[in-house]
Structures are given as C-alpha cells and as structure tokens.
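K.L.:
This one is model.txt, compact mmCIF, C-alpha atoms.
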# COMPACT_ATOMS: atom_id res chain seq x y z
CA MET K 206 36.03 21.27 -7.89
CA ARG K 207 37.95 18.61 -9.76
CA ARG K 208 37.90 17.35 -13.30
CA ASN K 209 38.12 13.60 -13.72
CA ASP K 210 41.31 12.46 -15.42
CA ALA K 211 39.43 9.82 -17.43
CA GLU K 212 38.44 11.55 -20.67
CA ARG K 213 35.96 10.41 -23.27
CA LYS K 214 36.86 10.21 -26.96
CA ASP K 215 35.70 13.83 -27.42
CA GLY K 216 38.17 14.99 -24.77
CA LYS K 217 35.49 15.77 -22.16
CA ALA K 218 35.52 14.52 -18.58
CA PRO K 219 33.01 14.83 -15.69
CA LEU K 220 33.33 17.52 -13.03
CA TYR K 221 33.10 16.67 -9.33
CA ALA K 222 32.94 18.55 -6.05
CA VAL K 223 35.43 16.88 -3.73
CA PHE K 224 35.82 17.73 -0.03
CA TYR K 225 36.23 16.14 3.39
CA ILE K 226 34.01 15.94 6.48
CA ASN K 227 35.63 14.60 9.65
CA GLY K 228 38.34 13.02 7.52
CA GLU K 229 35.84 11.22 5.25
CA LYS K 230 36.02 12.01 1.55
CA ILE K 231 32.84 13.14 -0.20
CA ARG K 232 32.60 13.27 -3.98
CA LEU K 233 29.55 14.81 -5.63
CA SER K 234 28.93 14.64 -9.37
CA LEU K 235 27.82 17.91 -10.98
CA ASN K 236 26.63 16.15 -14.17
CA VAL K 237 28.78 18.61 -16.10
CA MET K 238 31.26 17.56 -18.81
CA VAL K 239 34.24 19.80 -19.69
CA THR K 240 37.40 19.58 -21.76
CA LEU K 241 40.81 20.25 -20.26
CA LYS K 242 41.01 23.41 -22.37
CA GLU K 243 37.66 24.73 -20.98
CA TRP K 244 38.47 24.11 -17.32
CA SER K 245 40.35 26.57 -15.11
CA SER K 246 41.56 24.71 -12.02
CA THR K 247 42.88 27.91 -10.44
CA ARG K 248 39.56 29.81 -10.75
CA GLN K 249 37.45 26.65 -10.31
CA SER K 250 35.26 27.65 -13.24
CA ILE K 251 34.63 27.25 -16.96
CA LYS K 252 36.56 29.60 -19.20
CA GLY K 253 34.81 31.93 -21.65
CA ASN K 254 31.60 33.97 -21.86
CA SER K 255 29.45 31.66 -23.96
CA LYS K 256 25.95 30.74 -22.80
CA GLU K 257 27.10 27.15 -22.24
CA ALA K 258 30.02 28.31 -20.10
CA LYS K 259 27.75 30.60 -18.05
CA ASP K 260 25.21 27.77 -17.49
CA LYS K 261 27.92 25.37 -16.35
CA ASN K 262 29.41 27.99 -14.01
CA LEU K 263 25.94 28.57 -12.53
CA ILE K 264 25.68 24.84 -11.76
CA ILE K 265 29.07 25.01 -10.05
CA GLN K 266 28.05 28.03 -7.96
CA ASN K 267 24.72 26.46 -6.98
CA THR K 268 26.44 23.25 -5.92
CA ILE K 269 28.90 25.14 -3.72
CA ALA K 270 26.02 27.11 -2.21
CA ARG K 271 24.06 23.91 -1.44
CA ILE K 272 27.11 22.35 0.20
CA ASN K 273 27.67 25.45 2.34
CA ASP K 274 23.97 25.62 3.29
CA VAL K 275 24.02 22.06 4.61
CA VAL K 276 27.26 22.54 6.54
CA VAL K 277 26.08 25.84 8.08
CA THR K 278 22.72 24.28 9.07
CA PHE K 279 24.53 21.58 11.03
CA ARG K 280 26.88 24.12 12.62
CA LEU K 281 24.05 26.43 13.75
CA SER K 282 22.06 23.55 15.23
CA SER K 283 25.16 22.22 17.06
CA GLU K 284 24.31 18.82 15.60
CA PRO K 285 27.39 16.68 14.87
CA ILE K 286 27.89 16.28 11.13
CA THR K 287 28.90 13.01 9.49
CA LYS K 288 29.31 11.94 5.89
CA GLU K 289 26.04 9.97 6.01
CA LYS K 290 24.10 12.88 7.54
CA PHE K 291 25.53 15.37 5.07
CA LEU K 292 24.60 13.24 2.05
CA SER K 293 21.10 12.63 3.42
CA ARG K 294 20.48 16.34 3.92
CA TYR K 295 22.14 17.29 0.63
CA ASN K 296 20.23 14.73 -1.45
CA HIS K 297 16.86 15.63 0.06
CA PRO K 298 16.59 19.41 -0.03
CA GLY K 299 13.39 20.78 1.46
CA CYS K 300 13.14 17.83 3.88
CA ASN K 301 14.94 19.49 6.77
CA GLU K 302 12.03 19.69 9.18
CA SER K 303 12.37 17.81 12.43
CA PHE K 304 10.68 14.42 12.33
CA TYR K 305 10.27 14.51 16.10
CA ASP K 306 8.55 17.90 16.09
CA PHE K 307 6.04 16.69 13.53
CA ALA K 308 5.45 13.28 15.14
CA PHE K 309 5.02 14.57 18.71
CA GLU K 310 2.71 17.38 17.57
CA ARG K 311 0.63 14.87 15.63
CA LEU K 312 0.53 12.52 18.59
CA LYS K 313 -0.57 15.39 20.83
CA SER K 314 -3.50 16.17 18.52
CA PHE K 315 -4.62 12.51 18.60
CA ARG K 316 -4.38 12.16 22.39
CA THR K 317 -8.16 11.98 22.90
CA VAL K 318 -8.79 9.94 19.74
CA LEU K 319 -6.34 7.06 20.06
CA GLU K 320 -6.74 4.23 22.53
CA PHE K 321 -4.46 5.03 25.47
CA SER K 322 -2.34 1.92 25.00
CA THR K 323 -1.81 2.81 21.31
CA TRP K 324 -0.92 6.40 22.20
CA ARG K 325 1.51 5.15 24.83
CA HIS K 326 3.17 2.76 22.36
CA HIS K 327 3.70 5.62 19.88
CA LYS K 328 5.15 7.88 22.57
CA ALA K 329 7.49 5.16 23.83
CA ALA K 330 8.67 4.38 20.29
CA LEU K 331 9.46 8.04 19.60
CA GLU K 332 11.29 8.44 22.91
CA LYS K 333 13.32 5.34 22.11
CA MET K 334 14.31 6.93 18.78
CA MET K 335 15.37 10.14 20.56
CA ALA K 336 17.58 8.13 22.90
CA TYR K 337 19.25 6.65 19.81
CA GLN K 338 19.51 9.92 17.83
CA LYS K 339 18.76 13.23 19.54
CA GLU K 340 18.05 15.19 16.35
CA LEU K 341 16.28 13.57 13.41
CA TYR K 342 15.11 15.24 10.22
CA PHE K 343 12.91 13.76 7.52
CA SER K 344 15.92 13.70 5.22
CA ASP K 345 17.85 11.61 7.77
CA ILE K 346 15.41 8.71 7.54
CA THR K 347 16.83 6.72 4.65
CA THR K 348 16.65 3.01 3.83
CA ASP K 349 20.11 2.55 5.33
CA TRP K 350 19.10 4.47 8.46
CA LEU K 351 16.12 2.14 8.94
CA ARG K 352 18.33 -0.95 8.55
CA ILE K 353 20.87 0.37 11.04
CA TYR K 354 18.16 1.37 13.53
CA ALA K 355 16.48 -2.04 13.26
CA ALA K 356 19.85 -3.67 13.97
CA TYR K 357 20.31 -1.36 16.98
CA LEU K 358 16.91 -2.38 18.39
CA LYS K 359 17.81 -6.04 18.01
CA LYS K 360 21.46 -6.15 19.06
CA ASP K 361 21.80 -3.25 21.51
CA LEU K 362 18.35 -3.22 23.13
CA GLY K 363 17.51 -6.90 22.69
CA ASN K 364 14.04 -6.11 21.33
CA ALA K 365 11.98 -9.03 20.05
CA PRO K 366 11.14 -9.19 16.32
CA GLY K 367 7.54 -8.19 17.03
CA THR K 368 8.66 -5.15 19.01
CA ILE K 369 11.06 -4.10 16.26
CA ALA K 370 8.33 -4.41 13.62
CA LYS K 371 5.93 -2.37 15.76
CA ASN K 372 8.51 0.41 16.29
CA LEU K 373 9.22 0.62 12.56
CA SER K 374 5.53 0.63 11.69
CA ILE K 375 5.06 3.62 14.03
CA ILE K 376 7.82 5.50 12.17
CA ARG K 377 6.13 4.58 8.89
CA SER K 378 2.71 5.83 10.03
CA HIS K 379 4.05 9.27 10.98
CA LEU K 380 6.16 9.47 7.82
CA ARG K 381 3.13 8.69 5.65
CA ALA K 382 1.17 11.42 7.42
CA ALA K 383 3.99 13.90 6.77
CA ILE K 384 4.03 12.96 3.07
CA ASN K 385 0.25 13.41 2.87
CA GLU K 386 0.59 16.87 4.43
CA GLY K 387 3.35 17.85 2.01
CA LYS K 388 6.00 18.06 4.73
CA THR K 389 8.33 15.73 2.85
CA LYS K 390 8.56 13.60 -0.27
CA ASN K 391 11.06 11.26 1.33
CA ASN K 392 9.63 7.74 1.78
CA PRO K 393 12.39 5.18 2.43
CA PHE K 394 9.80 2.50 3.19
CA GLU K 395 9.25 2.16 -0.55
CA THR K 396 12.59 0.35 -0.72
CA PHE K 397 12.88 -0.90 2.87
CA ARG K 398 11.71 -4.42 3.62
CA MET K 399 9.90 -4.55 6.94
CA PRO K 400 11.12 -7.40 9.17
CA ARG K 401 8.68 -10.26 9.49
CA SER K 402 7.85 -11.61 12.91
CA GLU K 403 5.67 -14.27 14.34
CA PRO K 404 3.17 -12.84 16.85
CA GLU K 405 4.04 -13.57 20.46
CA VAL K 406 1.21 -15.51 22.09
CA THR K 407 1.57 -16.34 25.77
CA PHE K 408 -1.35 -18.32 27.17
CA LEU K 409 -2.17 -20.72 29.97
CA THR K 410 -3.28 -24.28 29.41
CA GLU K 411 -6.50 -25.59 30.98
CA GLU K 412 -4.47 -27.19 33.74
CA GLU K 413 -2.61 -23.95 34.46
CA LEU K 414 -5.86 -21.96 34.40
CA SER K 415 -7.29 -24.38 36.98
CA ILE K 416 -4.26 -23.78 39.20
CA VAL K 417 -4.81 -20.02 38.98
CA ALA K 418 -8.56 -20.36 39.71
CA ASP K 419 -7.89 -22.60 42.74
CA ALA K 420 -5.29 -20.15 44.07
CA TYR K 421 -7.78 -17.31 43.69
CA LYS K 422 -10.47 -19.20 45.64
CA THR K 423 -8.12 -19.82 48.58
CA ARG K 424 -7.44 -16.05 48.99
CA ALA K 425 -3.94 -16.94 50.15
CA LEU K 426 -2.27 -14.03 48.32
CA SER K 427 -2.06 -10.40 49.33
CA GLU K 428 -4.99 -8.06 48.72
CA ALA K 429 -3.26 -6.43 45.73
CA GLU K 430 -2.32 -9.79 44.21
CA THR K 431 -5.83 -11.15 44.73
CA LEU K 432 -7.31 -8.11 42.97
CA ALA K 433 -4.90 -8.62 40.07
CA LEU K 434 -5.93 -12.28 39.85
CA ARG K 435 -9.62 -11.35 39.88
CA ILE K 436 -9.15 -8.90 37.00
CA TRP K 437 -7.01 -11.39 35.08
CA LEU K 438 -9.51 -14.21 35.50
CA TRP K 439 -12.34 -11.92 34.38
CA MET K 440 -10.47 -11.31 31.12
CA ALA K 441 -9.54 -15.00 30.79
CA PHE K 442 -13.23 -16.02 31.14
CA THR K 443 -14.62 -13.29 28.86
CA GLY K 444 -11.83 -12.67 26.32
CA MET K 445 -11.98 -8.93 27.01
CA HIS K 446 -8.99 -6.62 26.46
CA ILE K 447 -7.83 -4.70 29.52
CA SER K 448 -8.80 -1.34 27.97
CA ASP K 449 -12.34 -2.59 27.30
CA THR K 450 -12.50 -4.05 30.82
CA ARG K 451 -11.51 -0.67 32.20
CA GLU K 452 -14.45 1.05 30.44
CA LEU K 453 -17.08 -1.68 31.02
CA ARG K 454 -20.18 -0.53 32.89
CA ILE K 455 -22.63 -2.66 34.85
CA GLU K 456 -25.46 -1.45 32.60
CA GLN K 457 -23.76 -3.25 29.69
CA ILE K 458 -24.22 -6.64 31.35
CA PHE K 459 -27.73 -8.03 30.97
CA GLY K 460 -29.44 -11.20 29.77
CA GLU K 461 -26.41 -13.08 31.11
CA GLU K 462 -24.29 -11.46 28.41
CA ILE K 463 -21.77 -8.64 28.13
CA HIS K 464 -22.66 -6.13 25.42
CA TYR K 465 -19.97 -3.62 24.49
CA ARG K 466 -18.16 -1.99 21.59
CA ARG K 467 -14.41 -2.62 21.38
CA ILE K 468 -12.38 0.54 21.81
CA LYS K 469 -9.73 -0.52 19.30
CA THR K 470 -11.87 -1.89 16.45
CA LYS K 471 -15.26 -0.22 17.20
CA VAL K 472 -16.85 -3.65 16.65
CA LYS K 473 -19.95 -4.53 18.70
CA VAL K 474 -19.38 -7.61 20.85
CA SER K 475 -21.72 -9.86 22.82
CA VAL K 476 -20.11 -12.39 25.16
CA PRO K 477 -22.16 -14.91 27.18
CA LEU K 478 -21.23 -14.99 30.86
CA SER K 479 -19.81 -18.37 31.81
CA ALA K 480 -20.40 -19.66 35.35
CA PRO K 481 -17.01 -18.47 36.71
CA ALA K 482 -17.41 -15.11 34.95
CA GLN K 483 -20.76 -14.65 36.70
CA ILE K 484 -19.12 -15.30 40.07
CA ILE K 485 -16.44 -12.66 39.42
CA TYR K 486 -19.08 -10.26 38.08
CA LYS K 487 -21.00 -10.46 41.36
CA GLU K 488 -17.79 -9.93 43.35
CA PHE K 489 -17.07 -6.76 41.40
CA ALA K 490 -20.62 -5.38 41.20
CA GLY K 491 -21.94 -6.29 44.64
CA ASP K 492 -25.31 -4.56 45.13
CA ARG K 493 -24.60 -1.86 42.52
CA THR K 494 -26.76 -1.63 39.41
CA SER K 495 -24.84 1.05 37.53
CA GLY K 496 -21.39 2.55 37.10
CA TYR K 497 -18.08 1.06 36.10
CA LEU K 498 -17.84 -2.65 36.90
CA LEU K 499 -14.27 -2.24 38.09
CA GLN K 500 -14.20 0.79 40.36
CA GLY K 501 -10.78 2.41 40.76
CA MET K 502 -9.27 0.24 38.04
CA PRO K 503 -5.47 0.31 38.57
CA SER K 504 -3.02 1.30 35.84
CA ASP K 505 -1.82 -1.25 33.31
CA GLN K 506 1.69 -1.02 34.76
CA TRP K 507 0.44 -1.76 38.29
CA PHE K 508 -1.68 -4.63 37.05
CA ASN K 509 1.07 -6.30 34.99
CA ARG K 510 3.51 -5.95 37.87
CA GLN K 511 1.11 -7.50 40.42
CA ILE K 512 -0.06 -10.31 38.14
CA LYS K 513 3.54 -11.38 37.51
CA ILE K 514 4.18 -11.49 41.27
CA ALA K 515 0.98 -13.44 41.86
CA MET K 516 1.65 -15.96 39.07
CA LYS K 517 5.18 -16.55 40.31
CA LYS K 518 3.89 -17.31 43.82
CA ILE K 519 1.31 -19.71 42.37
CA GLY K 520 4.00 -21.53 40.41
CA ILE K 521 3.19 -20.30 36.88
CA ILE K 522 6.58 -19.58 35.32
CA LYS K 523 5.31 -18.09 32.02
CA ASN K 524 5.58 -14.37 31.26
CA VAL K 525 1.94 -13.64 32.10
CA SER K 526 0.45 -10.22 31.38
CA ALA K 527 -2.98 -8.77 30.69
CA LYS K 528 -2.74 -9.96 27.08
CA ALA K 529 -2.09 -13.51 28.24
CA ALA K 530 -5.60 -13.61 29.75
CA ARG K 531 -7.23 -12.80 26.40
CA HIS K 532 -4.90 -15.27 24.67
CA THR K 533 -5.84 -17.95 27.21
CA PHE K 534 -9.56 -17.42 26.56
CA ALA K 535 -9.06 -17.58 22.78
CA THR K 536 -6.76 -20.60 22.86
CA ILE K 537 -8.99 -22.74 25.10
CA PHE K 538 -12.16 -21.70 23.24
CA TYR K 539 -10.63 -22.61 19.87
CA GLN K 540 -9.14 -25.83 21.22
CA LYS K 541 -12.61 -26.90 22.41
CA THR K 542 -14.70 -25.74 19.45
CA LYS K 543 -12.38 -25.31 16.40
CA ASP K 544 -14.83 -22.49 15.55
CA ILE K 545 -12.61 -19.65 14.35
CA GLY K 546 -15.56 -17.59 13.07
CA THR K 547 -17.36 -17.41 16.43
CA LEU K 548 -14.08 -16.78 18.24
CA SER K 549 -13.39 -13.85 15.93
CA LYS K 550 -16.75 -12.30 16.87
CA LEU K 551 -16.23 -12.89 20.60
CA LEU K 552 -12.84 -11.15 20.41
CA GLY K 553 -14.25 -8.22 18.41
CA HIS K 554 -11.85 -8.64 15.50
CA THR K 555 -12.61 -6.80 12.25
CA SER K 556 -11.50 -9.79 10.19
CA VAL K 557 -11.15 -13.50 10.85
CA ARG K 558 -7.57 -13.34 9.57
CA HIS K 559 -6.64 -11.46 12.76
CA THR K 560 -7.95 -14.44 14.73
CA MET K 561 -5.88 -16.96 12.76
CA VAL K 562 -2.99 -16.43 15.19
CA TYR K 563 -4.79 -18.80 17.55
CA THR K 564 -4.64 -21.67 15.07
CA HIS K 565 -1.25 -22.50 16.58
CA ILE K 566 -3.38 -25.07 18.40
CA ILE K 567 -3.75 -26.91 15.07
CA LYS K 568 -0.03 -27.65 15.16
CA GLN K 569 -0.31 -29.00 18.69
CA THR K 570 -3.33 -31.14 17.72
CA ARG K 571 -1.49 -32.47 14.63
CA ILE K 572 1.46 -33.57 16.72
CA GLU K 573 -0.79 -35.24 19.29
CA GLY K 574 -2.71 -36.99 16.53
CA MET K 575 0.40 -38.33 14.81
CA SER K 576 1.63 -39.81 18.10
CA ALA K 577 -1.18 -42.37 17.79
CA PHE K 578 1.02 -44.23 15.27
CA ASP K 579 4.09 -44.36 17.53
CA SER K 580 3.51 -47.92 18.81
CA PHE K 581 3.16 -49.67 15.46
CA LEU K 582 6.85 -50.26 14.68
Show me the file's structure as structure tokens.
P.N.:
Amino acid sequence: MRRNDAERKDGKAPLYAVFYINGEKIRLSLNVMVTLKEWSSTRQSIKGNSKEAKDKNLIIQNTIARINDVVVTFRLSSEPITKEKFLSRYNHPGCNESFYDFAFERLKSFRTVLEFSTWRHHKAALEKMMAYQKELYFSDITTDWLRIYAAYLKKDLGNAPGTIAKNLSIIRSHLRAAINEGKTKNNPFETFRMPRSEPEVTFLTEEELSIVADAYKTRALSEAETLALRIWLWMAFTGMHISDTRELRIEQIFGEEIHYRRIKTKVKVSVPLSAPAQIIYKEFAGDRTSGYLLQGMPSDQWFNRQIKIAMKKIGIIKNVSAKAARHTFATIFYQKTKDIGTLSKLLGHTSVRHTMVYTHIIKQTRIEGMSAFDSFL
C-alpha cells in the first residue's frame, strides 16, 4: 500500500495498492484518504483504534484479499496472467464463470431447435474464439477485448466485414442470454460499437445463368458436378434456400406451385414453378409421388465444393455457392419486375427491409440510364 505524495489542503492524500504482474505496474485506488500522521508505512495500516481507522483498515484488508483471490485463481487454473486479465477479473467480481462452458452448453440445448446452418455458424464462431484465447471468462470480455478480437479477425484471419460482424453478434447473443440468466452483469456491448458491413451478394447475370443452364443440358461434366448443377439451378429458378430444399417433399408441390414453410423464418411461402423448374422437378421426382424431392441430399460442404469445381469448368469465375443461387433468383426477378414486395414473399422474408439488399440493381439501372446522355457533348 502506498500513500500518494500529493496532499490536499487538509493534509490528506489517497491510498493506493501498488504491485507488479509480469513486470507491468498495477495501481488500484482504495478510495481512502489519510494524513501522513495517520498512515503507518511499516505496518501498511491506519494508526489508532477509532471506528474510522478500523473501517479504513478493513477496506485495506479486503482489497489485499481480493488481489490475492484473483492471483490464486489464475495460478490454480494454470492460465497465464496479464495486467489486462487481472484488471478484468478484479473489476468484475462474481463474473468468473467460463464463457465457453455456458455458450457450448446453451448451444447443445438448442441443437434440435436451431436451423443446422445457424447452429454450425455458432459452433464455428466459438471454436474460432477458443483458438484465439483458450480460456475466457465473462469478466474477460470487455469493450477493449472486443476491439482487439475484431482487429484479430480482420488482420490475422483476413475475415470479411460481414463475417466479423456475424462472429461478434454470436458473442453478443450468448452474453445476453447469460445476463438474462443472472450468470453475469457484464455487458461490454453497451459501449462497444458493432462494425458495419455491407452484405455480400454474389449472383449470376442472365447471360451467366444461360451459360450454366446450357452446360447442364449438355451433361458434359462429371456425375457429381452435374448433380451439383441440378441442385443449384433448382434453387436459382425457385429462390429456395439450401436448407429448405433439403427438407422439401414431393407432396408440397402441387397446382404447379411449391408450398412450404421456411425453416429460418417460419414464413409460409408459395412459389410458382417456372418452365425450367418444372423440368428439374421431373428429373428429381421421376415416377415418385411422395418423399423428399432430393433423395440422399449431399452435405452443404460437398455441394459448395462441387459447385465451385463445376462453375470453374464452365467458365464462371465468381465465388459461387448455394447462396449465390438464391441471390441470382432474387436479382433477376427484381431486375425484371421492380416488385420488391412480391420478391419478399417469394423469398419468405419476415420484413421487406430484409429484401432491400437486392435493390443494388437500382444502382446498376441508374448508371445505365445516365449513359443515355453520353453522346450529347
């Protein structure tokens, strides 16, 4: 304990706990004011037996005990201690539960409730955090920690802004749940500004879609690549998400329409079957009148790997995935109709604002329209 040399007019000066961790100086204010006459530097306590002296000595003892508790906790867990970690744990007593234990247990309980792709994203985000920091307590997650972790995702892992935002939002969702359950009161997101990112929309133009359709008709690719193209074209002609495609049954297709409820939004969707969609439907269904439309649907990883190989062979150099099929449907539909309301219903969005991402076509149309004036001067 040290008494500050800077005294007030009444002769009192603040008391601090000063110590070092790994060579870094830590100075903690005790919010206690003492005169030079009251303070015993040899005994590290307040002189006298008055009630005020006893109260101040109790604060000193409690502070020393808290410091020792934090240091011992790190030592017993074999977790390396740093100045930042010490201050986080010291300033947030009662928040020393493992964030990972809570988050993984919560994720386990939601395994059958969440859409598989959502569950997988959460699991991958948590595993990425563990690779960055093996042990993580609620008290460790501060505003500064979030800033440093976001920088790590960007600079060290090369994650795109959208990916960084998604990873941080997953941390926030589990932290909010922990707060609601009384596990912690620590919520650094109250002062942390989430990074903004433009949604990544990869889609094929009409010309590129025609190239893909022609390549599919020739059956020049391997069996696996042809299957991947068939699935991709089905989604490009219907606007369906791959998870909804996976669960679609033949019984849900009647009256030349697909009738299903989106897994993610629970919204009921009816999509008319276009002529090419009907062709692919018959190729999948054959003579069957019931059961899953796509029997033995491959994993998302297999599909995305095969579709990239197939697109590269066709000559499409864009980063095409399952999502690109849905984006292609939405982009071409909006480009043709400018009907954002109907598109929103066909995609099964809960709000038209989620569909506004596809209005990037407006920018393209504006530029094309303005070029009409190019020849006048």
K.L.:
Smallest atom-to-atom distance to K:Ile447: which of K:Gly520, K:Pro503, K:Gly363, K:Pro219, using only C-alpha atoms?
P.N.:
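Of K:Gly520, K:Pro503, K:Gly363, K:Pro219, the one nearest K:Ile447 is K:Pro503, counting only C-alpha atoms.
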K.L.:
Please provide as JSON, numbers by chain all residues within 10 Å of stretch 546-549 of chain K, with the sequence filter that same-chain residues fewer than 5 positions apart are discarded (counting only C-alpha atoms).
P.N.:
{"K": [444, 474, 534, 535, 536, 538, 539, 554, 555, 556, 557, 558, 559, 560, 561, 563]}
K.L.:
Listed atoms of stretch 218-236 of chain K, axis-aligned box, 4 Å per side: centre and edge lengths to one decimal in Å, as lines of an AutoDock Vina configuration file?
P.N.:
center_x = 32.5
center_y = 14.9
center_z = -4.5
size_x = 19.7
size_y = 15.3
size_z = 36.2
K.L.:
Find the nearest atom pair between each residue of stretch 489-576 of chain K and stretch 431-434 of chain K for residues within 8 Å, count all atoms listed in the file, give distances in Å to one decimal, sort rows by chain and ascending number, and present the table as a Markdown table.
P.N.:
| residue | atom | partner | partner_atom | distance |
| --- | --- | --- | --- | --- |
| K:Phe508 | CA | K:Ala433 | CA | 6.0 |
| K:Gln511 | CA | K:Ala433 | CA | 6.1 |
| K:Ile512 | CA | K:Ala433 | CA | 5.5 |
| K:Ala515 | CA | K:Leu434 | CA | 7.3 |
K.L.:
Work out how far atom CA of K:Arg466 is from atom CA of K:Trp507, in Å to one decimal.
P.N.:
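These two atoms are separated by 25.0 Å.
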K.L.:
At what distance in Å, to one decimal, does atom CA of K:Phe343 lie from atom CA of K:Thr389?
P.N.:
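Atom CA of K:Thr389 sits 6.8 Å away from atom CA of K:Phe343.
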K.L.:
So that I can check the surroundings of K:Thr347, please list as a PDB file with C-alpha atoms, in the frame of the given file every protein, DNA and RNA residue that reaches within 10 Å of it, counting only C-alpha atoms and ignoring chain neighbours fewer than 2 positions away.
P.N.:
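That gives us part.pdb:
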ATOM      1  CA  GLU K 289      26.040   9.970   6.010  1.00  0.00           C
ATOM      2  CA  LYS K 290      24.100  12.880   7.540  1.00  0.00           C
ATOM      3  CA  SER K 293      21.100  12.630   3.420  1.00  0.00           C
ATOM      4  CA  PHE K 343      12.910  13.760   7.520  1.00  0.00           C
ATOM      5  CA  SER K 344      15.920  13.700   5.220  1.00  0.00           C
ATOM      6  CA  ASP K 345      17.850  11.610   7.770  1.00  0.00           C
ATOM      7  CA  ASP K 349      20.110   2.550   5.330  1.00  0.00           C
ATOM      8  CA  TRP K 350      19.100   4.470   8.460  1.00  0.00           C
ATOM      9  CA  LEU K 351      16.120   2.140   8.940  1.00  0.00           C
ATOM     10  CA  ARG K 352      18.330  -0.950   8.550  1.00  0.00           C
ATOM     11  CA  ILE K 353      20.870   0.370  11.040  1.00  0.00           C
ATOM     12  CA  ASN K 391      11.060  11.260   1.330  1.00  0.00           C
ATOM     13  CA  ASN K 392       9.630   7.740   1.780  1.00  0.00           C
ATOM     14  CA  PRO K 393      12.390   5.180   2.430  1.00  0.00           C
ATOM     15  CA  PHE K 394       9.800   2.500   3.190  1.00  0.00           C
ATOM     16  CA  THR K 396      12.590   0.350  -0.720  1.00  0.00           C
ATOM     17  CA  PHE K 397      12.880  -0.900   2.870  1.00  0.00           C
TER      18      PHE K 397
END
K.L.:
Find the residue from K:Asn524, K:Ile545, K:Ser475, K:Phe489 that sits nearest to K:Gly460; use all atoms listed in the file when measuring.
P.N.:
K:Ser475
K.L.:
Enumerate, as a list in words, the protein, DNA and RNA residues whose atoms approach (43.2, 19.1, -18.4) to within 12 Å, taking into account all atoms listed in the file and the coordinate frame of the file.
P.N.:
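With a cut-off of 12 Å, the residues come to Arg207, Arg208, Asn209, Asp210, Ala211, Glu212, Gly216, Lys217, Ala218, Pro219, Leu220, Val239, Thr240, Leu241, Lys242, Glu243, Trp244, Ser245, Ser246, Thr247 and Ile251 of chain K.
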K.L.:
Just to be explicit: take each residue in the selection above, keep C-alpha atoms, and write the result as a CSV table (one decimal), in the coordinates of the input.
P.N.:
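Contents of out_26.csv, freshly written:
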chain,number,residue,atom,x,y,z
K,207,ARG,CA,38.0,18.6,-9.8
K,208,ARG,CA,37.9,17.4,-13.3
K,209,ASN,CA,38.1,13.6,-13.7
K,210,ASP,CA,41.3,12.5,-15.4
K,211,ALA,CA,39.4,9.8,-17.4
K,212,GLU,CA,38.4,11.6,-20.7
K,216,GLY,CA,38.2,15.0,-24.8
K,217,LYS,CA,35.5,15.8,-22.2
K,218,ALA,CA,35.5,14.5,-18.6
K,219,PRO,CA,33.0,14.8,-15.7
K,220,LEU,CA,33.3,17.5,-13.0
K,239,VAL,CA,34.2,19.8,-19.7
K,240,THR,CA,37.4,19.6,-21.8
K,241,LEU,CA,40.8,20.2,-20.3
K,242,LYS,CA,41.0,23.4,-22.4
K,243,GLU,CA,37.7,24.7,-21.0
K,244,TRP,CA,38.5,24.1,-17.3
K,245,SER,CA,40.4,26.6,-15.1
K,246,SER,CA,41.6,24.7,-12.0
K,247,THR,CA,42.9,27.9,-10.4
K,251,ILE,CA,34.6,27.2,-17.0
K.L.:
Counting only C-alpha atoms, which residue out of K:Leu409, K:Leu380, K:Ala429, K:Met445 sits closest to K:Ile468?
P.N.:
K:Met445
K.L.:
When you count all atoms listed in the file, which of these residues is closest to K:Val472: K:Ile272, K:Ile286, K:Leu552, K:Leu498?
P.N.:
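Between K:Ile272, K:Ile286, K:Leu552, K:Leu498, the residue approaching K:Val472 most closely is K:Leu552.
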K.L.:
Mind giving me the straight-line distance from atom CA of K:Glu452 to atom CA of K:Arg424 in Å, one decimal?
P.N.:
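For atom CA of K:Glu452 relative to atom CA of K:Arg424, the distance reads 26.2 Å.
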K.L.:
With distances taken over only C-alpha atoms, which of K:Lys360, K:Arg381, K:Lys513, K:Lys473 is nearest to K:Ala529?
P.N.:
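Distance minimum relative to K:Ala529 lands on K:Lys513.
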K.L.:
Could you name the residues that touch K:Ala482 at 8 Å or less, counting all atoms listed in the file, but leaving out those on the same chain fewer than 6 positions away, as JSON, numbers by chain?
P.N.:
{"K": [438, 439, 442, 443]}
K.L.:
Just to be explicit: take each residue in the selection above, keep C-alpha atoms, and write the result as a short mmCIF file (atom, residue, chain, number, x, y, z; two decimals), in the frame of the given file.
P.N.:
data_model
loop_
_atom_site.label_atom_id
_atom_site.label_comp_id
_atom_site.auth_asym_id
_atom_site.auth_seq_id
_atom_site.Cartn_x
_atom_site.Cartn_y
_atom_site.Cartn_z
CA LEU K 438 -9.51 -14.21 35.50
CA TRP K 439 -12.34 -11.92 34.38
CA PHE K 442 -13.23 -16.02 31.14
CA THR K 443 -14.62 -13.29 28.86
#
K.L.:
Show me, as a PyMOL selection string, the residues that have an atom within 12 Å of K:Thr323 when counting all atoms listed in the file, minus same-chain residues fewer than 2 positions from it.
P.N.:
chain K and resi 312+315-321+325-330+371-372+375+448+468-469
K.L.:
Show which residues sit within 10 Å of K:Thr410, as a list of chain:residue names. Count only C-alpha atoms, and ignore same-chain residues fewer than 4 positions away.
P.N.:
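My list of contacting residues is K:Leu414, K:Ser415, K:Ile416, K:Thr533, K:Phe534, K:Thr536, K:Ile537.
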K.L.:
Got time to write the residues from that selection, C-alpha atoms, as a short mmCIF file (atom, residue, chain, number, x, y, z; two decimals), in the coordinates of the input?
P.N.:
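Final output, selection_2.cif:
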data_model
loop_
_atom_site.label_atom_id
_atom_site.label_comp_id
_atom_site.auth_asym_id
_atom_site.auth_seq_id
_atom_site.Cartn_x
_atom_site.Cartn_y
_atom_site.Cartn_z
CA LEU K 414 -5.86 -21.96 34.40
CA SER K 415 -7.29 -24.38 36.98
CA ILE K 416 -4.26 -23.78 39.20
CA THR K 533 -5.84 -17.95 27.21
CA PHE K 534 -9.56 -17.42 26.56
CA THR K 536 -6.76 -20.60 22.86
CA ILE K 537 -8.99 -22.74 25.10
#
K.L.:
Take the point (30.4, 19.6, -9.7) in the file's coordinates, draw a sphere of radius 8 Å around it, and report as a list of chain:residue names every protein, DNA or RNA residue with an atom inside or on it, counting all atoms listed in the file.
P.N.:
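Protein and nucleic acid residues near the point are K:Met206, K:Arg207, K:Leu220, K:Tyr221, K:Ala222, K:Leu233, K:Ser234, K:Leu235, K:Asn236, K:Val237, K:Ile264, K:Ile265, K:Thr268.
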